[in-house]
>>> print(open('my_file-v8.cif').read())   # mmCIF, C-alpha atoms
data_model
#
loop_
_atom_site.label_atom_id
_atom_site.label_comp_id
_atom_site.auth_asym_id
_atom_site.auth_seq_id
_atom_site.Cartn_x
_atom_site.Cartn_y
_atom_site.Cartn_z
CA MET A 6 -14.56 8.19 -5.21
CA ASN A 7 -14.47 4.95 -3.21
CA ILE A 8 -11.27 4.57 -1.20
CA LEU A 9 -10.07 1.53 0.73
CA ILE A 10 -7.37 2.23 3.33
CA ILE A 11 -5.50 -0.80 4.64
CA ASN A 12 -3.62 -0.39 7.89
CA ALA A 13 -0.97 -3.11 7.59
CA HIS A 14 0.57 -2.49 11.00
CA GLN A 15 1.31 -5.48 13.21
CA ARG A 16 1.67 -4.73 16.88
CA TYR A 17 4.69 -5.70 18.95
CA GLU A 18 4.23 -4.85 22.62
CA GLY A 19 6.50 -2.07 23.82
CA PHE A 20 8.17 -1.62 20.45
CA ALA A 21 5.71 -1.14 17.61
CA GLU A 22 2.51 0.23 19.05
CA GLY A 23 1.20 1.44 15.69
CA LYS A 24 0.33 5.01 16.68
CA LEU A 25 2.01 6.68 13.70
CA ASN A 26 0.49 4.32 11.13
CA GLN A 27 -2.96 4.73 12.70
CA SER A 28 -2.54 8.53 12.70
CA LEU A 29 -1.71 8.43 8.99
CA VAL A 30 -4.79 6.27 8.34
CA ASP A 31 -6.98 8.62 10.41
CA ILE A 32 -5.74 11.72 8.57
CA ALA A 33 -6.46 10.13 5.19
CA LYS A 34 -9.87 8.87 6.28
CA ASP A 35 -10.90 12.24 7.76
CA LYS A 36 -9.62 14.15 4.72
CA PHE A 37 -11.42 11.95 2.19
CA THR A 38 -14.64 11.84 4.22
CA ALA A 39 -14.63 15.65 4.47
CA GLU A 40 -14.25 15.76 0.67
CA ASN A 41 -17.36 13.54 0.30
CA HIS A 42 -15.50 10.42 -0.78
CA GLN A 43 -16.64 7.04 0.51
CA VAL A 44 -14.02 5.38 2.72
CA LYS A 45 -13.67 1.85 4.05
CA THR A 46 -10.80 0.62 6.17
CA THR A 47 -9.19 -2.67 7.05
CA ILE A 48 -6.97 -3.01 10.10
CA VAL A 49 -5.07 -6.20 9.35
CA ASP A 50 -3.94 -6.71 12.97
CA GLN A 51 -7.62 -6.94 14.03
CA GLY A 52 -8.38 -9.72 11.56
CA TYR A 53 -10.27 -9.73 8.28
CA ASP A 54 -12.80 -11.70 6.29
CA ILE A 55 -11.44 -12.73 2.88
CA PRO A 56 -14.75 -12.49 0.93
CA ALA A 57 -15.38 -9.06 2.51
CA GLU A 58 -11.89 -7.91 1.48
CA LEU A 59 -12.50 -9.05 -2.09
CA GLU A 60 -15.74 -7.05 -2.08
CA LYS A 61 -13.79 -4.00 -0.89
CA PHE A 62 -11.31 -4.38 -3.77
CA THR A 63 -14.22 -4.60 -6.22
CA TRP A 64 -15.88 -1.56 -4.62
CA ALA A 65 -12.80 0.67 -4.34
CA ASP A 66 -11.50 3.05 -6.98
CA THR A 67 -8.26 3.48 -5.01
CA ILE A 68 -6.50 1.34 -2.42
CA ILE A 69 -4.07 2.94 0.02
CA VAL A 70 -1.71 0.66 1.92
CA GLN A 71 -0.32 2.19 5.10
CA THR A 72 2.48 -0.02 6.38
CA PRO A 73 5.42 0.03 8.73
CA VAL A 74 8.54 -1.62 7.42
CA TYR A 75 9.80 -4.67 9.32
CA TRP A 76 13.03 -6.17 8.07
CA MET A 77 12.86 -4.37 4.71
CA SER A 78 9.32 -5.60 4.02
CA VAL A 79 5.75 -5.45 5.29
CA PRO A 80 4.73 -7.12 8.56
CA TYR A 81 4.04 -10.85 8.42
CA LEU A 82 0.28 -10.42 8.90
CA PHE A 83 0.02 -8.14 5.88
CA LYS A 84 2.05 -10.53 3.72
CA LYS A 85 -0.38 -13.24 4.86
CA TYR A 86 -3.28 -10.92 3.92
CA ILE A 87 -1.82 -10.47 0.43
CA ASP A 88 -1.34 -14.20 -0.02
CA GLU A 89 -4.85 -15.05 1.18
CA VAL A 90 -6.86 -12.23 -0.40
CA PHE A 91 -5.06 -12.02 -3.74
CA THR A 92 -5.00 -15.81 -4.14
CA SER A 93 -8.71 -16.05 -3.28
CA GLY A 94 -9.36 -13.39 -5.92
CA LEU A 95 -7.59 -15.37 -8.63
CA GLY A 96 -9.90 -16.05 -11.55
CA ASN A 97 -12.71 -13.70 -10.53
CA VAL A 98 -11.69 -10.48 -8.73
CA MET A 99 -7.97 -9.73 -8.75
CA CYS A 100 -6.89 -11.35 -12.00
CA LYS A 101 -8.22 -13.82 -14.52
CA ASP A 102 -4.89 -15.61 -14.76
CA ASP A 103 -1.28 -14.62 -15.45
CA GLY A 104 -2.31 -13.18 -18.82
CA ARG A 105 -0.54 -15.59 -21.17
CA THR A 106 -2.27 -17.86 -23.64
CA ARG A 107 -0.95 -20.51 -26.01
CA SER A 108 -3.18 -19.13 -28.76
CA ASP A 109 -1.90 -15.52 -28.54
CA LEU A 110 1.81 -15.23 -27.79
CA SER A 111 1.59 -11.43 -27.72
CA LYS A 112 -0.12 -11.64 -24.33
CA LYS A 113 2.66 -11.45 -21.77
CA TYR A 114 3.02 -12.58 -18.18
CA GLY A 115 1.32 -10.17 -15.80
CA SER A 116 -1.37 -9.02 -18.23
CA GLY A 117 -4.36 -10.90 -16.82
CA GLY A 118 -5.43 -8.36 -14.18
CA LEU A 119 -9.11 -7.58 -13.62
CA LEU A 120 -8.81 -4.32 -11.65
CA HIS A 121 -8.34 -2.08 -14.70
CA GLY A 122 -8.91 1.60 -13.98
CA LYS A 123 -8.20 1.28 -10.27
CA LYS A 124 -5.26 2.93 -8.52
CA TYR A 125 -3.17 2.17 -5.47
CA MET A 126 -0.83 4.05 -3.17
CA ILE A 127 1.86 2.73 -0.87
CA SER A 128 2.68 4.71 2.28
CA THR A 129 5.49 3.45 4.51
CA THR A 130 7.09 4.27 7.86
CA TRP A 131 10.80 3.52 8.28
CA ASN A 132 13.47 3.66 10.93
CA ALA A 133 15.93 4.24 8.05
CA PRO A 134 16.76 7.87 7.24
CA LEU A 135 16.03 9.36 3.82
CA GLU A 136 19.71 9.42 2.83
CA ALA A 137 19.86 5.62 3.19
CA PHE A 138 17.61 5.46 0.09
CA GLU A 139 19.02 8.31 -1.98
CA ASP A 140 22.78 7.93 -1.54
CA PRO A 141 24.25 5.16 -3.77
CA ASP A 142 26.93 4.56 -1.14
CA GLN A 143 24.44 3.89 1.65
CA PHE A 144 22.40 0.82 2.58
CA PHE A 145 19.72 0.87 -0.15
CA GLU A 146 22.25 1.83 -2.85
CA GLY A 147 20.24 4.75 -4.21
CA ARG A 148 17.26 2.56 -5.12
CA GLY A 149 14.65 4.62 -3.26
CA VAL A 150 11.58 3.27 -1.50
CA ASP A 151 9.92 2.26 -4.78
CA GLY A 152 12.97 0.18 -5.67
CA VAL A 153 12.93 -1.57 -2.30
CA PHE A 154 9.17 -2.10 -2.58
CA MET A 155 9.10 -3.10 -6.25
CA TRP A 156 7.66 -6.49 -5.21
CA LEU A 157 4.58 -4.82 -3.68
CA HIS A 158 4.11 -2.57 -6.72
CA LYS A 159 4.23 -5.67 -8.91
CA ASN A 160 1.49 -7.37 -6.86
CA PHE A 161 -0.88 -4.49 -7.60
CA GLN A 162 0.27 -4.14 -11.19
CA PHE A 163 -0.31 -7.88 -11.73
CA CYS A 164 -3.97 -7.05 -11.05
CA ASP A 165 -3.81 -4.18 -13.61
CA MET A 166 -3.80 -1.35 -11.07
CA LYS A 167 -1.89 1.90 -11.62
CA PRO A 168 0.29 3.55 -8.96
CA LEU A 169 -0.16 6.88 -7.28
CA PRO A 170 3.02 8.48 -5.87
CA THR A 171 4.50 6.65 -2.88
CA PHE A 172 4.80 8.37 0.50
CA SER A 173 7.24 7.62 3.31
CA CYS A 174 8.08 8.76 6.81
CA TYR A 175 11.78 8.27 7.56
CA ASP A 176 13.87 7.90 10.72
CA VAL A 177 10.73 7.52 12.85
CA LEU A 178 12.50 5.86 15.79
CA LYS A 179 15.82 7.67 16.15
CA THR A 180 14.98 11.16 14.85
CA PRO A 181 11.21 11.44 14.55
CA ASN A 182 9.57 14.51 12.99
CA ILE A 183 5.98 13.37 13.44
CA GLU A 184 4.23 16.73 13.10
CA ILE A 185 6.16 17.50 9.91
CA ASP A 186 5.45 13.98 8.59
CA LEU A 187 1.72 14.35 9.25
CA LYS A 188 1.62 17.68 7.41
CA ARG A 189 3.63 16.21 4.52
CA TRP A 190 1.13 13.33 4.36
CA ASN A 191 -1.85 15.66 4.14
CA ASP A 192 -0.10 17.68 1.41
CA HIS A 193 0.89 14.48 -0.43
CA LEU A 194 -2.72 13.28 -0.47
CA THR A 195 -3.92 16.63 -1.78
CA ARG A 196 -1.41 16.57 -4.65
CA ALA A 197 -1.87 12.87 -5.49
CA PHE A 198 -5.66 13.09 -5.69
CA GLN A 199 -5.71 16.31 -7.72
CA GLU A 200 -3.77 14.68 -10.58
#
>>> encode(input="my_file-v8.cif", output="structure tokens")
Amino acid sequence: MNILIINAHQRYEGFAEGKLNQSLVDIAKDKFTAENHQVKTTIVDQGYDIPAELEKFTWADTIIVQTPVYWMSVPYLFKKYIDEVFTSGLGNVMCKDDGRTRSDLSKKYGSGGLLHGKKYMISTTWNAPLEAFEDPDQFFEGRGVDGVFMWLHKNFQFCDMKPLPTFSCYDVLKTPNIEIDLKRWNDHLTRAFQE
């Protein structure tokens, strides 16, 4: 299998060094390489070449996005990456168009994707604790990470990609459990790629 791992971390000196996100990327890369998969990576904070990224999307069977969460979303540089790469892939790599045609009204918005058969996974790191997502009376109103990140799922689904189960590390600043999170990540990858 060909796997593209995108490290979406954006560094902020003294606050967001990116060690946890890089550790998660390294574990995935080492695991897949040991299992004889082909792995390519993009570290958004180090810059990227748009045509090369489009080639990676064409090459990959699965894309894994490893991202910290800044203000309930991905870092600015990764949002910029999405805007630049996905827009540059319009019409030839990511999607043909939005899927609708005047001649066939059964074709609905969001059905013009060109990455059929490919999968994606979102992995996030949060300061928020797990209960903030699960409890309807807490901040995220019981919506879960996938509910908060529906917009990112829809970007991949617009390109006709199918999701693998999402992974998250919670409470990474106030009550970190890094060793447990790293083991959970390894186990999550094993389960997700056996299905």
>>> resolve_selection(input="my_file-v8.cif", expression="the PyMOL selection byres ((chain A and resi 77-81) around 10)", output="ChimeraX atom specification")
/A:13-16,49-50,71-76,82-87,129,131,133,145,150,153-154,156-157
>>> atom_distance(input="my_file-v8.cif", atom1="atom CA of A:Gly149", atom2="atom CA of A:Leu169")
15.5 Å
>>> resolve_selection(input="my_file-v8.cif", expression="the PyMOL selection byres ((chain A and resi 162) around 12)", output="PyMOL selection string")
chain A and resi 99-100+103+114-126+155-161+163-169
>>> resolve_selection(input="my_file-v8.cif", expression="the PyMOL selection byres ((chain A and resi 47) around 7)", output="tab-separated table (two decimals) with C-alpha atoms, keeping the file's coordinate frame")
chain	number	residue	atom	x	y	z
A	10	ILE	CA	-7.37	2.23	3.33
A	11	ILE	CA	-5.50	-0.80	4.64
A	12	ASN	CA	-3.62	-0.39	7.89
A	46	THR	CA	-10.80	0.62	6.17
A	48	ILE	CA	-6.97	-3.01	10.10
A	49	VAL	CA	-5.07	-6.20	9.35
>>> atom_distance(input="my_file-v8.cif", atom1="atom CA of A:Ile185", atom2="atom CA of A:Gln27")
15.9 Å
>>> atom_distance(input="my_file-v8.cif", atom1="atom CA of A:Glu60", atom2="atom CA of A:Asp151")
27.4 Å
>>> decode(input="my_file-v8.cif", residues="stretch 63-116 of chain A", atoms="C-alpha atoms", output="PDB file, in the first residue's frame")
ATOM      1  CA  THR A  63      -2.306  10.475  -7.050  1.00  0.00           C
ATOM      2  CA  TRP A  64       0.279   7.977  -5.782  1.00  0.00           C
ATOM      3  CA  ALA A  65      -1.230   7.309  -2.342  1.00  0.00           C
ATOM      4  CA  ASP A  66      -3.833   4.693  -1.505  1.00  0.00           C
ATOM      5  CA  THR A  67      -4.339   6.280   1.925  1.00  0.00           C
ATOM      6  CA  ILE A  68      -3.690   9.755   3.287  1.00  0.00           C
ATOM      7  CA  ILE A  69      -3.204  10.274   7.020  1.00  0.00           C
ATOM      8  CA  VAL A  70      -3.479  13.804   8.380  1.00  0.00           C
ATOM      9  CA  GLN A  71      -1.777  14.299  11.727  1.00  0.00           C
ATOM     10  CA  THR A  72      -2.795  17.675  13.110  1.00  0.00           C
ATOM     11  CA  PRO A  73      -2.857  19.630  16.323  1.00  0.00           C
ATOM     12  CA  VAL A  74      -6.013  21.594  16.945  1.00  0.00           C
ATOM     13  CA  TYR A  75      -5.670  25.377  17.137  1.00  0.00           C
ATOM     14  CA  TRP A  76      -8.839  27.278  17.932  1.00  0.00           C
ATOM     15  CA  MET A  77     -11.120  24.335  17.098  1.00  0.00           C
ATOM     16  CA  SER A  78      -9.521  23.835  13.678  1.00  0.00           C
ATOM     17  CA  VAL A  79      -6.267  22.957  11.941  1.00  0.00           C
ATOM     18  CA  PRO A  80      -3.290  25.338  11.980  1.00  0.00           C
ATOM     19  CA  TYR A  81      -3.340  28.176   9.459  1.00  0.00           C
ATOM     20  CA  LEU A  82      -0.544  26.672   7.337  1.00  0.00           C
ATOM     21  CA  PHE A  83      -2.454  23.436   6.869  1.00  0.00           C
ATOM     22  CA  LYS A  84      -5.644  25.276   5.919  1.00  0.00           C
ATOM     23  CA  LYS A  85      -3.509  27.162   3.380  1.00  0.00           C
ATOM     24  CA  TYR A  86      -2.147  23.807   2.157  1.00  0.00           C
ATOM     25  CA  ILE A  87      -5.697  22.517   1.662  1.00  0.00           C
ATOM     26  CA  ASP A  88      -6.734  25.644  -0.218  1.00  0.00           C
ATOM     27  CA  GLU A  89      -3.674  25.607  -2.480  1.00  0.00           C
ATOM     28  CA  VAL A  90      -3.321  21.874  -3.143  1.00  0.00           C
ATOM     29  CA  PHE A  91      -6.998  20.979  -3.466  1.00  0.00           C
ATOM     30  CA  THR A  92      -7.726  24.023  -5.631  1.00  0.00           C
ATOM     31  CA  SER A  93      -4.741  23.266  -7.871  1.00  0.00           C
ATOM     32  CA  GLY A  94      -6.076  19.713  -8.229  1.00  0.00           C
ATOM     33  CA  LEU A  95      -9.480  20.905  -9.412  1.00  0.00           C
ATOM     34  CA  GLY A  96     -10.314  19.469 -12.812  1.00  0.00           C
ATOM     35  CA  ASN A  97      -7.509  16.917 -12.984  1.00  0.00           C
ATOM     36  CA  VAL A  98      -6.447  15.295  -9.687  1.00  0.00           C
ATOM     37  CA  MET A  99      -8.747  15.971  -6.742  1.00  0.00           C
ATOM     38  CA  CYS A 100     -12.086  16.396  -8.471  1.00  0.00           C
ATOM     39  CA  LYS A 101     -13.428  16.977 -11.951  1.00  0.00           C
ATOM     40  CA  ASP A 102     -15.910  19.568 -10.735  1.00  0.00           C
ATOM     41  CA  ASP A 103     -18.626  19.735  -8.079  1.00  0.00           C
ATOM     42  CA  GLY A 104     -20.406  16.783  -9.698  1.00  0.00           C
ATOM     43  CA  ARG A 105     -23.574  18.483 -10.930  1.00  0.00           C
ATOM     44  CA  THR A 106     -24.605  18.772 -14.550  1.00  0.00           C
ATOM     45  CA  ARG A 107     -27.528  20.505 -16.224  1.00  0.00           C
ATOM     46  CA  SER A 108     -28.078  17.428 -18.396  1.00  0.00           C
ATOM     47  CA  ASP A 109     -28.353  14.937 -15.492  1.00  0.00           C
ATOM     48  CA  LEU A 110     -30.096  16.312 -12.417  1.00  0.00           C
ATOM     49  CA  SER A 111     -29.520  13.063 -10.523  1.00  0.00           C
ATOM     50  CA  LYS A 112     -25.857  14.020 -10.121  1.00  0.00           C
ATOM     51  CA  LYS A 113     -25.641  15.891  -6.837  1.00  0.00           C
ATOM     52  CA  TYR A 114     -23.239  18.429  -5.397  1.00  0.00           C
ATOM     53  CA  GLY A 115     -20.086  16.771  -4.110  1.00  0.00           C
ATOM     54  CA  SER A 116     -20.127  13.854  -6.550  1.00  0.00           C
TER      55      SER A 116
END
